[in-house]
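Novice: The structure follows.
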Amino acid sequence: MPRKPKPGLPTREQILDFITQSAQPAGKREIARAFALSAQEKIGLKALLKDMADEGLIDSAPGRAFHKMGGVPKVTVLRVTTIDDSGAVWATPERWDSEAPLPRIRVREQKRGALGVGERILARTEETGSGITAHPMKVLKPTSEQVIGVLRGAGDRLFLQSTDKKERREYAVSDAGGAEAGELVSAELAGRPPRITARVVQRLGDPFAPRSFSLIAIAKHGIPDTFAQEALDEAERVARQQLGNDREDLTHLPIVAIDPADARDHDDAVWATPDDDPANEGGWRAIVAIADVSFYVRPGSAIDREARARGNSVYFPDRVVPMLPEILSADVCSLKEGEDRAALACHLQVTKAGALKSWRFTRATVRLAANIAYEDAQATIDAGEGAQIDALRPLWDCWRALAAARDQREPLDLDLPERRVVLDANGRIMSVAARERLDAHRLIEDYMIAANVAAAKALEAKKAPVMYRVHEPPAREKLVALKDYLDTFGVPFAMGQVIKPATFNRILERIGDADYRPQVMEQVLRTQTQAYYAPLNHGHFGLSLGSYGHFTSPIRRYADLLVHRALVSAYALGPGGLNGDENFEHLGEQISKLERRAMEAERDTIDRYVAAFLAEREGEVVEVRITGVTNFGFFATVDGIGGDGLMPVRDLGGEYFRFDEGARTLTGEQSGEVYSLGQRLDLRLAEANPVSGALRFELPEGRFAPPSASRHRGGAGKERAPNKAGRVLKRRGRPANIRHDGKKR
């Protein structure tokens with residue numbers, strides 16, 4: 001039976017009122033101070049608060065603030081769950097012990113666009129007439145309390161080793177949750193340095209199973225990989241929609257889709273024929289047919305909310321985490337041979353010089369003549385015969401005109417290889433190699449670029465909202481860094497000139513087939529700004545285009561779906577257009593963040609597959625190329641395969657190596673041996689860690705630099721000693737000191 005309050009103690013109602021109205025976290029100390037309780041009365045308060053917690057009136061929070069059960073604390077941690085079309089940010093409490101429904105809280109941002117889905121904030125909350133509003137106090141690190149790692153046994157204790165290659169620490173495990181040594185787990189961190197412990201919250205399985213590599217990335221980056229049942233049910237319903245009779249019938253045209261052989265969804269298909277319009281003599285008519293996702297996914301629907309929270313599909317070697325439920329992404333919306341499909345058709349009129357003369361958009365029904373792999377399409381064209389040659393030949397002829405126009409505008413031409421991981425049916429790695437680049441790839445790219453330009457210009461003509469794909473020119477500081485880099489190769493680069501994409505193409509032409517060409521291409525790529533989505537047009541520098549918006553991949557990119565909806569609304573093409581509440585500025589910021597998240601997850605996973613592929617070659621001498629030089633060593637990648645690994649300076653031997661930041665070189669002061677960007681050499685693969693994706697190299701036996709015979713730092717008679725510019729590292733008792741002689745870091 002509950003104890004009655006002692007004289008001087010506040011009542012339960014008074015405590016609840018104080019907790020609810022307090023502008024600060026209300027713990028036991030704050031309650032005692034508010035009611036001016038004596039030392040003896042504080043003992044009674046402790047018992048009363050325990051009773052209230054047992055009765056379910058308040059949250060039991062020893063050592064922390066209390067709050068009413070079913071209510072939200074005045075100061076609490078929230079996790080952002082949704083940003084709606086108007087840009088409004090919504091969050092839910094990270095911890096919720098009540099049986100009441102999880103509240104949805106409106107977040108008042110101090111800086112618009114500052115928060116993204118999945119981010120954690122410390123916020124002050126208040127109840128308003130329309131619900132609960134939160135005022136952010138601090139943005140918390142989204143991964144500060146959670147780590148993906150592998151359990152390591154040491155006697156009767158377990159330690160957590162992070163899968164992050166940059167994280168060298170291990171954490172003692174306070175609660176393994178039934179997991180055993182060798183398992184891949186998700187764990188929460190608690191405590192303060194140096195006593196931080198890990199509590200396992202989810203067992204993820206065997207970390208060395210190939211299909212675990214993508215699971216690590218999904219868990220690490222917080223990528224949603226399951227759909228709410230409401231969205232799945234809705235997808236089943238909308239998939240049964242009839243296409244209707246008000247669509248343009250294009251089923252008689254031999255439209256084809258050309259995609260990777262392992263494509264999981266098919267957004268786009270193409271068709272072309274010589275133009276019979278006398279006003280376009282020698283020109284072409286072309287159709288770029290894109291899956292009509294806006295017909296199935298309406299603004300504000302459950303599917304739409306899920307798609308917006310994802311921003312894009314995420315592609316891994318062994319799986320895809322789709323933006324849309326599978327019944328839509330891989331079936332009903334996917335353009336397939338012999339099946340009637342809903343499409344948004346971009347009709348293009350192309351001049352013989354490859355310019356876009358006109359364009360129009362219609363909702364259509366298409367029935368593909370074929371789904372063709374890039375390699376098969378290229379083989380058919382090269383042979384001049386075979387299946388679908390009659391459909392492919394005019395496509396190639398029209399493309400040659402588009403390619404000529406592309407060459408005329410001189411976009412940035414960086415033909416950097418893309419790594420492709422090939423798996424067998426059991427998920428085991430068969431090969432890792434650069435993906436072959438064919439004319440078939442360039443053909444589809446140029447048709448897609450033409451359709452994307454047409455979509456942006458068509459919306460501009462109607463003064464309708466556009467979600468542009470923006471790529472701004474490089475910043476001056478990056479150009480200065482590029483100039484310093486090119487100086488090391490004796491390649492001139494004038495800072496006073498007007499910078500265009502062609503400026504960088506001329507540099508690469510000047511270099512020709514030099515060994516360091518790949519490094520220069522990578523440095524030019526680093527000089528570029530990161531592309532993003534926004535409703536304000538700043539052009540696309542890399543493509544050398546004034547107006548550009550993504551339109552061709554609505555199955556896998558939310559930005560494209562927004563452009564589809566804008567076209568449907570602007571040209572009165574039927575249902576599924578914009579609802580008028582969309583805030584394109586906020587949506588652009590959000591989907592740009594989600595795109596970067598997906599890219600990081602995909603890159604991390606490829607690194608793990610590459611490390612797993614190379615693990616069988618540990619101890620072998622491999623040919624590498626130096627991709628980065630720092631004061632603590634250099635990074636290198638295995639030729640023809642990829643994967644970045646570190647060659648620590650401590651393993652270069654006993655002499656001192658001087659680091660020149662401007663030239664990006666390490667130079668042995670006794671031997672004169674130089675390690676520089678782009679250099680090719682043979683190194684021993686000392687370690688390949690599939691879980692973290694990290695590689696580590698060593699010099700082959702007999703390649704250690706000679707130990708230093710002197711302790712002098714350049715000038716005669718000057719005694720060499722470690723200083724703050726360098727650090728002393730030891731391996732097998734041999735010191736190696738790195739001196740920083742470059743610019744201030």
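Chain identifiers are assigned as A, B, and so on, following the order in which chains appear in the structure tokens; residues are numbered from 1 within each chain, and ligands are numbered from 1 in order of appearance.
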Write down as a ChimeraX atom specification the residues of stretch 553-674 of chain A whose backbone DSSP state falls under strand (DSSP E).
Specialist: /A:621-630,633-638,642-648,657-660,665-668,674
Novice: Let me see the file: selected residues, C-alpha atoms, as an mmCIF file, in the first residue's frame.
Specialist:
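Printed below is selection_38.cif as written:
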```cif
data_model
loop_
_atom_site.group_PDB
_atom_site.id
_atom_site.type_symbol
_atom_site.label_atom_id
_atom_site.label_comp_id
_atom_site.auth_asym_id
_atom_site.auth_seq_id
_atom_site.Cartn_x
_atom_site.Cartn_y
_atom_site.Cartn_z
ATOM 1 C CA VAL A 621 54.397 -9.664 -52.923
ATOM 2 C CA VAL A 622 51.938 -7.636 -55.022
ATOM 3 C CA GLU A 623 52.313 -4.737 -57.434
ATOM 4 C CA VAL A 624 50.854 -1.533 -55.994
ATOM 5 C CA ARG A 625 50.536 2.120 -56.870
ATOM 6 C CA ILE A 626 50.990 4.872 -54.247
ATOM 7 C CA THR A 627 47.755 6.887 -53.930
ATOM 8 C CA GLY A 628 48.536 9.088 -50.944
ATOM 9 C CA VAL A 629 51.556 10.225 -48.933
ATOM 10 C CA THR A 630 51.437 11.530 -45.356
ATOM 11 C CA GLY A 633 53.506 6.670 -44.204
ATOM 12 C CA PHE A 634 51.903 6.221 -47.583
ATOM 13 C CA PHE A 635 48.742 4.621 -48.929
ATOM 14 C CA ALA A 636 48.796 2.245 -51.866
ATOM 15 C CA THR A 637 46.289 0.320 -53.957
ATOM 16 C CA VAL A 638 46.751 -3.097 -55.539
ATOM 17 C CA GLY A 642 41.871 -1.789 -55.820
ATOM 18 C CA GLY A 643 41.605 -1.529 -52.069
ATOM 19 C CA ASP A 644 43.608 1.081 -50.191
ATOM 20 C CA GLY A 645 46.215 -0.018 -47.673
ATOM 21 C CA LEU A 646 48.715 1.708 -45.430
ATOM 22 C CA MET A 647 52.478 1.299 -45.564
ATOM 23 C CA PRO A 648 53.470 2.726 -42.148
ATOM 24 C CA PHE A 657 62.329 10.030 -43.801
ATOM 25 C CA ARG A 658 61.501 13.655 -44.552
ATOM 26 C CA PHE A 659 57.909 14.453 -45.528
ATOM 27 C CA ASP A 660 57.401 17.190 -48.135
ATOM 28 C CA THR A 665 56.866 12.702 -50.943
ATOM 29 C CA LEU A 666 58.777 10.810 -48.276
ATOM 30 C CA THR A 667 62.558 10.947 -48.763
ATOM 31 C CA GLY A 668 65.136 8.891 -46.902
ATOM 32 C CA VAL A 674 61.797 8.613 -52.452
#
```
Novice: Report as JSON lines: every residue of stretch 591-667 of chain A with an atom at most 9 Å from stretch 316-319 of chain A, its closest pair of atoms, and their distance in Å to one decimal, counting only C-alpha atoms, with rows sorted by chain and ascending residue number.
Specialist:
```
{"residue": "A:Ala601", "atom": "CA", "partner": "A:Phe316", "partner_atom": "CA", "distance": 8.6}
{"residue": "A:Glu602", "atom": "CA", "partner": "A:Phe316", "partner_atom": "CA", "distance": 6.0}
{"residue": "A:Thr605", "atom": "CA", "partner": "A:Phe316", "partner_atom": "CA", "distance": 7.0}
{"residue": "A:Ile606", "atom": "CA", "partner": "A:Pro317", "partner_atom": "CA", "distance": 7.7}
{"residue": "A:Tyr609", "atom": "CA", "partner": "A:Pro317", "partner_atom": "CA", "distance": 8.6}
```
Novice: What does the file look like for those residues with all heavy atoms, as a PDB file, in the first residue's frame?
Specialist:
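Produced file selection_37.pdb, reproduced below:
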```
ATOM      1  N   ALA A 601      28.263   3.828 -47.834  1.00  0.00           N
ATOM      2  CA  ALA A 601      27.958   2.433 -47.522  1.00  0.00           C
ATOM      3  C   ALA A 601      28.401   1.511 -48.656  1.00  0.00           C
ATOM      4  O   ALA A 601      28.970   0.437 -48.421  1.00  0.00           O
ATOM      5  CB  ALA A 601      26.459   2.273 -47.254  1.00  0.00           C
ATOM      6  N   GLU A 602      28.144   1.922 -49.886  1.00  0.00           N
ATOM      7  CA  GLU A 602      28.543   1.103 -51.037  1.00  0.00           C
ATOM      8  C   GLU A 602      30.060   0.999 -51.136  1.00  0.00           C
ATOM      9  O   GLU A 602      30.611  -0.079 -51.391  1.00  0.00           O
ATOM     10  CB  GLU A 602      27.956   1.710 -52.313  1.00  0.00           C
ATOM     11  CG  GLU A 602      26.438   1.586 -52.406  1.00  0.00           C
ATOM     12  CD  GLU A 602      25.828   2.421 -53.514  1.00  0.00           C
ATOM     13  OE1 GLU A 602      26.567   3.189 -54.158  1.00  0.00           O
ATOM     14  OE2 GLU A 602      24.611   2.312 -53.741  1.00  0.00           O
ATOM     15  N   THR A 605      31.505  -1.300 -48.446  1.00  0.00           N
ATOM     16  CA  THR A 605      31.246  -2.710 -48.731  1.00  0.00           C
ATOM     17  C   THR A 605      32.183  -3.241 -49.810  1.00  0.00           C
ATOM     18  O   THR A 605      32.705  -4.359 -49.698  1.00  0.00           O
ATOM     19  CB  THR A 605      29.779  -2.902 -49.165  1.00  0.00           C
ATOM     20  OG1 THR A 605      28.923  -2.416 -48.118  1.00  0.00           O
ATOM     21  CG2 THR A 605      29.467  -4.365 -49.407  1.00  0.00           C
ATOM     22  N   ILE A 606      32.415  -2.442 -50.854  1.00  0.00           N
ATOM     23  CA  ILE A 606      33.362  -2.862 -51.895  1.00  0.00           C
ATOM     24  C   ILE A 606      34.744  -3.064 -51.279  1.00  0.00           C
ATOM     25  O   ILE A 606      35.451  -4.040 -51.592  1.00  0.00           O
ATOM     26  CB  ILE A 606      33.421  -1.831 -53.028  1.00  0.00           C
ATOM     27  CG1 ILE A 606      32.095  -1.800 -53.796  1.00  0.00           C
ATOM     28  CG2 ILE A 606      34.573  -2.134 -53.978  1.00  0.00           C
ATOM     29  CD1 ILE A 606      31.795  -3.061 -54.574  1.00  0.00           C
ATOM     30  N   TYR A 609      34.812  -6.437 -49.596  1.00  0.00           N
ATOM     31  CA  TYR A 609      34.900  -7.532 -50.559  1.00  0.00           C
ATOM     32  C   TYR A 609      36.305  -7.634 -51.146  1.00  0.00           C
ATOM     33  O   TYR A 609      36.837  -8.735 -51.340  1.00  0.00           O
ATOM     34  CB  TYR A 609      33.869  -7.339 -51.673  1.00  0.00           C
ATOM     35  CG  TYR A 609      32.518  -7.934 -51.359  1.00  0.00           C
ATOM     36  CD1 TYR A 609      31.447  -7.137 -50.979  1.00  0.00           C
ATOM     37  CD2 TYR A 609      32.310  -9.309 -51.445  1.00  0.00           C
ATOM     38  CE1 TYR A 609      30.203  -7.677 -50.697  1.00  0.00           C
ATOM     39  CE2 TYR A 609      31.078  -9.871 -51.162  1.00  0.00           C
ATOM     40  CZ  TYR A 609      30.027  -9.050 -50.787  1.00  0.00           C
ATOM     41  OH  TYR A 609      28.806  -9.595 -50.492  1.00  0.00           O
TER      42      TYR A 609
END
```
Novice: Could you state the separation of atom CA of A:Val77 and atom CA of A:Glu30 in Å, given to one decimal place?
Specialist: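 It comes out at 19.7 Å.
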Novice: For the contact check between stretch 286-366 of chain A and stretch 442-453 of chain A, emit one row per residue of stretch 286-366 of chain A within 12 Å, containing the shortest atom pair and the distance in Å rounded to one decimal, counting only C-alpha atoms, chain then rising number order, as CSV.
Specialist:
```
residue,atom,partner,partner_atom,distance
A:Ala286,CA,A:Tyr447,CA,8.8
A:Ile287,CA,A:Ala451,CA,8.8
A:Val288,CA,A:Ala451,CA,6.7
A:Ala289,CA,A:Ala451,CA,9.3
A:Ile290,CA,A:Ala451,CA,9.6
A:Leu344,CA,A:Ala451,CA,11.1
A:Ala345,CA,A:Ala451,CA,9.4
A:Cys346,CA,A:Ala451,CA,6.4
A:His347,CA,A:Ala451,CA,8.5
A:Leu348,CA,A:Ala451,CA,7.8
A:Gln349,CA,A:Ala450,CA,10.4
A:Val350,CA,A:Ala450,CA,9.5
A:Gly354,CA,A:Ala450,CA,9.8
A:Ala355,CA,A:Ala450,CA,9.1
A:Leu356,CA,A:Ala450,CA,7.5
A:Lys357,CA,A:Ala450,CA,11.0
A:Ser358,CA,A:Ala450,CA,11.0
A:Trp359,CA,A:Ala451,CA,8.7
A:Arg360,CA,A:Ala451,CA,10.1
A:Phe361,CA,A:Ala451,CA,10.0
```
Novice: May I have the residues from that selection written out with N, CA and C atoms, as a PDB file, in the first residue's frame?
Specialist:
```
ATOM      1  N   ALA A 286      13.592  10.563 -81.133  1.00  0.00           N
ATOM      2  CA  ALA A 286      13.968   9.573 -80.119  1.00  0.00           C
ATOM      3  C   ALA A 286      12.967   9.618 -78.977  1.00  0.00           C
ATOM      4  N   ILE A 287      12.817   8.487 -78.318  1.00  0.00           N
ATOM      5  CA  ILE A 287      11.973   8.404 -77.116  1.00  0.00           C
ATOM      6  C   ILE A 287      12.810   7.804 -75.999  1.00  0.00           C
ATOM      7  N   VAL A 288      12.802   8.489 -74.873  1.00  0.00           N
ATOM      8  CA  VAL A 288      13.375   7.936 -73.648  1.00  0.00           C
ATOM      9  C   VAL A 288      12.189   7.653 -72.729  1.00  0.00           C
ATOM     10  N   ALA A 289      11.873   6.380 -72.558  1.00  0.00           N
ATOM     11  CA  ALA A 289      10.719   5.966 -71.755  1.00  0.00           C
ATOM     12  C   ALA A 289      11.188   5.614 -70.353  1.00  0.00           C
ATOM     13  N   ILE A 290      10.592   6.273 -69.364  1.00  0.00           N
ATOM     14  CA  ILE A 290      10.995   6.094 -67.972  1.00  0.00           C
ATOM     15  C   ILE A 290       9.817   5.542 -67.166  1.00  0.00           C
ATOM     16  N   LEU A 344       6.554   7.327 -68.346  1.00  0.00           N
ATOM     17  CA  LEU A 344       6.536   8.746 -68.668  1.00  0.00           C
ATOM     18  C   LEU A 344       7.528   8.900 -69.808  1.00  0.00           C
ATOM     19  N   ALA A 345       7.004   9.238 -70.992  1.00  0.00           N
ATOM     20  CA  ALA A 345       7.825   9.228 -72.206  1.00  0.00           C
ATOM     21  C   ALA A 345       8.319  10.626 -72.536  1.00  0.00           C
ATOM     22  N   CYS A 346       9.615  10.722 -72.759  1.00  0.00           N
ATOM     23  CA  CYS A 346      10.239  11.964 -73.195  1.00  0.00           C
ATOM     24  C   CYS A 346      10.498  11.843 -74.698  1.00  0.00           C
ATOM     25  N   HIS A 347       9.736  12.603 -75.495  1.00  0.00           N
ATOM     26  CA  HIS A 347       9.882  12.587 -76.948  1.00  0.00           C
ATOM     27  C   HIS A 347      10.867  13.677 -77.345  1.00  0.00           C
ATOM     28  N   LEU A 348      11.945  13.290 -77.998  1.00  0.00           N
ATOM     29  CA  LEU A 348      13.006  14.226 -78.358  1.00  0.00           C
ATOM     30  C   LEU A 348      13.117  14.354 -79.867  1.00  0.00           C
ATOM     31  N   GLN A 349      13.380  15.574 -80.305  1.00  0.00           N
ATOM     32  CA  GLN A 349      13.735  15.817 -81.698  1.00  0.00           C
ATOM     33  C   GLN A 349      15.184  16.279 -81.695  1.00  0.00           C
ATOM     34  N   VAL A 350      16.063  15.493 -82.342  1.00  0.00           N
ATOM     35  CA  VAL A 350      17.505  15.722 -82.299  1.00  0.00           C
ATOM     36  C   VAL A 350      17.983  16.123 -83.691  1.00  0.00           C
ATOM     37  N   GLY A 354      23.230  16.916 -83.342  1.00  0.00           N
ATOM     38  CA  GLY A 354      23.088  16.392 -81.983  1.00  0.00           C
ATOM     39  C   GLY A 354      22.455  17.350 -81.000  1.00  0.00           C
ATOM     40  N   ALA A 355      21.957  18.496 -81.461  1.00  0.00           N
ATOM     41  CA  ALA A 355      21.294  19.443 -80.559  1.00  0.00           C
ATOM     42  C   ALA A 355      19.843  19.019 -80.341  1.00  0.00           C
ATOM     43  N   LEU A 356      19.293  19.383 -79.183  1.00  0.00           N
ATOM     44  CA  LEU A 356      17.883  19.109 -78.899  1.00  0.00           C
ATOM     45  C   LEU A 356      17.043  20.214 -79.525  1.00  0.00           C
ATOM     46  N   LYS A 357      16.268  19.861 -80.538  1.00  0.00           N
ATOM     47  CA  LYS A 357      15.446  20.844 -81.250  1.00  0.00           C
ATOM     48  C   LYS A 357      14.124  21.076 -80.534  1.00  0.00           C
ATOM     49  N   SER A 358      13.538  20.000 -80.004  1.00  0.00           N
ATOM     50  CA  SER A 358      12.272  20.120 -79.270  1.00  0.00           C
ATOM     51  C   SER A 358      12.099  18.910 -78.378  1.00  0.00           C
ATOM     52  N   TRP A 359      11.114  19.023 -77.470  1.00  0.00           N
ATOM     53  CA  TRP A 359      10.805  17.917 -76.572  1.00  0.00           C
ATOM     54  C   TRP A 359       9.369  18.032 -76.087  1.00  0.00           C
ATOM     55  N   ARG A 360       8.795  16.910 -75.740  1.00  0.00           N
ATOM     56  CA  ARG A 360       7.475  16.883 -75.114  1.00  0.00           C
ATOM     57  C   ARG A 360       7.389  15.641 -74.244  1.00  0.00           C
ATOM     58  N   PHE A 361       6.475  15.685 -73.262  1.00  0.00           N
ATOM     59  CA  PHE A 361       6.341  14.584 -72.309  1.00  0.00           C
ATOM     60  C   PHE A 361       4.905  14.076 -72.324  1.00  0.00           C
TER      61      PHE A 361
END
```
Novice: Between atom CA of A:Leu683 and atom CA of A:Pro700, what is the distance, to one decimal in Å?
Specialist: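 So the answer is 5.7 Å.
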